[in-house]
Amino acid sequence: MLKLSHVTKYYDKLKAVDDLSFEVKDGEIFGLLGLNGAGKTTTFRMIIGLLEPTEGEITLNGEKIDYHLTDSIGFLTEERSLLTKYTVEEQILYYGILKGMEKNEILKELDYWLNRFHIKEYKNRKIKELSKGNQQKIQFISAIIHHPKLLILDEPFTGLDPINVELFMDVIREFKKSGSSIIFSSHRMEHVEMFCEKLVILVKGKSVLEGELKEIKKNYRRKNIHIVGDVDLKKIENLKGVLEIQKNADECIVKLESDEFIDSVFEVVKKGKEITKFEVEDPSLHEIFLNKVGEVYEK
Ligand code: ATP
């Protein structure tokens with residue numbers, strides 16, 4: 001289990017991470033979310049021991065993280081850091097040996113992953129000759145080749161097409177199943193929603209929302225009602241608790257301050273014509289994120 005306790009990081013006078021605490025248990029996928037500059041990369045760098053926290057403590061299975069634990073950690077960095085003049089095989093051998101693996105074992109694993117990512121023809125090609133998406137696959141393979149117990153993924157899906165996002169997600173889910181702790185950052189909330197159970201939202205280095213995704217959604221008071229049919233939207237707009245009405249091509253979405261206002265919307269919709277849909281849904285993580293981050297900036 002990865003544990004951060006009251007971690008703070010200053011760069012000179014700038015507080016990049018502010019009293020951050022969370023845990024990622026074995027077999028858990030944890031999302032670290034925030035706008036640009038929120039402190040995600042700084043947090044990752046402290047976790048892998050590249051930076052020392054100014055205050056607080058970070059442990060992996062109860063031990064302070066230093067060089068003796070780095071073999072059990074895999075890290076996909078945000079700024080792609082491949083040795084572009086090397087071939088794919090040379091690159092992966094370099095990383096594997098750094099992680100204490102035997103050459104034979106590395107080559108066996110490499111064949112498996114190149115096959116899995118449909119790029120086995122690139123094994124002896126130079127990294128710089130590969131497309132961006134394929135370079136990212138190589139970087140991902142470098143992070144997982146040694147089957148780390150803790151896998152840290154800084155923006156793993158950037159630049160990937162939807163098929164490759166799925167491919168990466170499948171592999172990440174397998175690592176989860178085998179008991180690894182996974183922590184990742186992403187700006188794309190739909191990716192977070194697809195497979196992460198716990199998360200923290202950072203604003204200027206500070207946690208503004210954290211916990212289980214399911215609970216966060218359940219406890220979030222706002223609700224959205226999706227309606228298809230001919231209804232008096234003017235009347236709904238003037239009801240108490242209605243924040244906004246969004247009209248899409250095939251439906252309209254009434255955004256409510258809380259679920260206590262659902263009945264009054266229903267009363268109006270009942271009087272409409274050809275109603276084929278009236279569905280109350282929790283807001284998306286994207287909406288919750290924008291709202292939470294917005295609240296802090298409005299203060
Ligand atoms: P992004 O999503 O853009 O990658 P981030 O959430 O990863 O952002 P960080 O890179 O951790 O954010 O940056 C947090 C803050 O610390 C920012 O204000 C940034 O300018 C500052 N910062 C980051 N690295 C350094 C550094 N080496 N020296 C000084 N300030 C830094």
# chains A, B, ... in the order shown; residues from 1 in each chain; ligands from 1
>>> residues_near_ligand(ligand="ligand 1", cutoff="7 Å", atoms="only C-alpha atoms and all ligand atoms", output="PyMOL selection string")
chain A and resi 11+14+16+34-43+205
>>> select_by_dssp(residues="segment 129-229 of chain A", states="helix (DSSP H, G or I)", output="PyMOL selection string")
chain A and resi 129+132-144+162-177+189-195+213-219
>>> write_last_selection(atoms="C-alpha atoms", output="tab-separated table (two decimals), in the first residue's frame")
chain	number	residue	atom	x	y	z
A	129	GLU	CA	11.27	6.27	-36.42
A	132	LYS	CA	3.99	9.15	-31.23
A	133	GLY	CA	1.39	6.57	-30.19
A	134	ASN	CA	3.84	3.71	-30.75
A	135	GLN	CA	6.56	5.55	-28.81
A	136	GLN	CA	4.08	5.80	-25.98
A	137	LYS	CA	3.54	2.06	-26.10
A	138	ILE	CA	7.30	1.57	-25.75
A	139	GLN	CA	7.36	3.93	-22.82
A	140	PHE	CA	4.47	2.06	-21.23
A	141	ILE	CA	6.32	-1.25	-21.76
A	142	SER	CA	9.39	0.29	-20.05
A	143	ALA	CA	7.21	1.12	-17.04
A	144	ILE	CA	5.67	-2.37	-16.71
A	162	PRO	CA	-9.58	5.09	-28.63
A	163	ILE	CA	-8.53	1.53	-29.56
A	164	ASN	CA	-5.14	2.02	-27.92
A	165	VAL	CA	-6.71	3.68	-24.86
A	166	GLU	CA	-8.71	0.46	-24.41
A	167	LEU	CA	-5.57	-1.64	-24.92
A	168	PHE	CA	-3.74	0.31	-22.20
A	169	MET	CA	-6.77	0.13	-19.89
A	170	ASP	CA	-6.96	-3.65	-20.27
A	171	VAL	CA	-3.32	-3.99	-19.24
A	172	ILE	CA	-3.80	-1.62	-16.30
A	173	ARG	CA	-6.85	-3.61	-15.15
A	174	GLU	CA	-4.74	-6.80	-15.29
A	175	PHE	CA	-2.10	-5.23	-13.07
A	176	LYS	CA	-4.86	-4.24	-10.66
A	177	LYS	CA	-6.14	-7.84	-10.65
A	189	MET	CA	-12.57	12.72	-16.87
A	190	GLU	CA	-14.24	10.07	-18.99
A	191	HIS	CA	-11.05	8.01	-18.76
A	192	VAL	CA	-11.01	8.40	-15.01
A	193	GLU	CA	-14.67	7.43	-14.79
A	194	MET	CA	-14.09	4.33	-16.87
A	195	PHE	CA	-11.84	2.55	-14.46
A	213	LEU	CA	-15.91	7.76	-7.13
A	214	LYS	CA	-19.25	6.05	-6.36
A	215	GLU	CA	-19.58	7.88	-3.04
A	216	ILE	CA	-18.51	11.20	-4.53
A	217	LYS	CA	-21.22	10.89	-7.14
A	218	LYS	CA	-23.86	9.71	-4.66
A	219	ASN	CA	-23.11	12.49	-2.20
>>> select_by_dssp(residues="segment 25-263 of chain A", states="strand (DSSP E or B)", output="MDAnalysis selection string")
chainID A and resid 29:34 55:60 63:64 73:76 87 126 150:154 181:185 198:203 206:212 223:230 242:247 252:256
>>> closest_atom_pairs(of="segment 105-200 of chain A", to="segment 66-77 of chain A", cutoff="6 Å", atoms="only C-alpha atoms", output="CSV")
residue,atom,partner,partner_atom,distance
A:Ala143,CA,A:Gly74,CA,4.5
A:Ile144,CA,A:Gly74,CA,5.9
A:Pro148,CA,A:Ser72,CA,4.6
A:Lys149,CA,A:Ser72,CA,5.3
A:Leu150,CA,A:Ile73,CA,4.8
A:Leu151,CA,A:Gly74,CA,4.8
A:Ile152,CA,A:Phe75,CA,4.7
A:Leu153,CA,A:Leu76,CA,4.8
A:Asp154,CA,A:Thr77,CA,5.3
>>> closest_residue(among="A:Ile183, A:Ile97, A:Val200, A:Val293", to="Leu20 of chain A", atoms="only C-alpha atoms")
A:Val200
>>> closest_residue(among="A:Ile201, A:Ile145, A:Ile119, A:Met1", to="Gly294 of chain A", atoms="only C-alpha atoms")
A:Ile201
>>> closest_residue(among="A:His118, A:Lys3, A:Arg188, A:Lys247", to="Val228 of chain A", atoms="only C-alpha atoms")
A:Lys247
>>> residues_around(residues="Lys108 of chain A", least_positions_apart="4", cutoff="12 Å", atoms="only C-alpha atoms", output="list of chain:residue names")
A:Glu89, A:Ile92, A:Leu93, A:Gly96, A:Met101, A:Glu102, A:Lys103, A:Asn104, A:Tyr112, A:Trp113, A:Leu114, A:Asn115, A:Ile145, A:His146
>>> residues_around(residues="Cys252 of chain A", least_positions_apart="5", cutoff="10 Å", atoms="only C-alpha atoms", output="JSON, numbers by chain")
{"A": [224, 225, 226, 227, 228, 229, 231, 233, 245, 246, 247, 277, 278]}
>>> residues_around(residues="segment 125-128 of chain A", least_positions_apart="5", cutoff="7 Å", atoms="only C-alpha atoms", output="count of residues only")
6
>>> atom_distance(atom1="atom CA of Tyr10 of chain A", atom2="atom CA of Asn291 of chain A")
26.9 Å
>>> residues_around(residues="Lys64 of chain A", least_positions_apart="5", cutoff="10 Å", atoms="only C-alpha atoms", output="list of chain:residue names")
A:Leu2, A:Lys3, A:Ile47, A:Gly49, A:Glu57, A:Ile58, A:Thr59, A:Leu69
>>> closest_residue(among="A:Arg221, A:Arg45, A:Lys99, A:Lys204", to="Leu33 of chain A", atoms="only C-alpha atoms")
A:Lys204
>>> atom_distance(atom1="atom CA of Pro156 of chain A", atom2="atom CA of Leu285 of chain A")
18.6 Å
>>> residues_around(residues="Lys235 of chain A", least_positions_apart="2", cutoff="10 Å", atoms="only C-alpha atoms", output="MDAnalysis selection string")
chainID A and resid 231:233 237:239 265 268:269
>>> write_last_selection(atoms="N, CA, C and O atoms", output="compact mmCIF listing (two decimals), in the first residue's frame")
# COMPACT_ATOMS: atom_id res chain seq x y z
N VAL A 231 -42.19 19.61 -23.83
CA VAL A 231 -42.50 20.12 -22.49
C VAL A 231 -42.32 21.64 -22.43
O VAL A 231 -41.61 22.22 -23.26
N ASP A 232 -42.97 22.24 -21.43
CA ASP A 232 -42.90 23.69 -21.28
C ASP A 232 -41.58 24.08 -20.56
O ASP A 232 -41.52 24.16 -19.34
N LEU A 233 -40.55 24.29 -21.36
CA LEU A 233 -39.23 24.56 -20.77
C LEU A 233 -39.18 25.90 -20.03
O LEU A 233 -38.46 26.05 -19.05
N GLU A 237 -37.76 26.33 -16.37
CA GLU A 237 -36.66 27.27 -16.14
C GLU A 237 -36.90 28.15 -14.90
O GLU A 237 -35.99 28.49 -14.17
N ASN A 238 -38.21 28.47 -14.67
CA ASN A 238 -38.55 29.36 -13.55
C ASN A 238 -38.77 28.63 -12.23
O ASN A 238 -39.05 29.26 -11.22
N LEU A 239 -38.65 27.30 -12.25
CA LEU A 239 -38.87 26.56 -11.00
C LEU A 239 -37.70 26.76 -10.05
O LEU A 239 -36.55 26.95 -10.47
N VAL A 265 -40.27 19.38 -11.13
CA VAL A 265 -39.99 19.26 -12.57
C VAL A 265 -40.93 18.20 -13.17
O VAL A 265 -41.54 18.40 -14.23
N VAL A 268 -44.41 19.39 -14.06
CA VAL A 268 -44.51 20.13 -15.33
C VAL A 268 -44.41 19.16 -16.51
O VAL A 268 -45.19 19.24 -17.48
N VAL A 269 -43.47 18.24 -16.43
CA VAL A 269 -43.24 17.29 -17.54
C VAL A 269 -44.50 16.44 -17.80
O VAL A 269 -44.86 16.17 -18.94
>>> closest_residue(among="A:Asp230, A:Gly272, A:Thr158, A:Glu257", to="Val242 of chain A", atoms="only C-alpha atoms")
A:Glu257
>>> closest_residue(among="A:Ala249, A:Leu107, A:Val254, A:Leu4", to="Gly62 of chain A", atoms="only C-alpha atoms")
A:Leu4
>>> atom_distance(atom1="atom CA of Glu109 of chain A", atom2="atom CA of Tyr94 of chain A")
13.5 Å
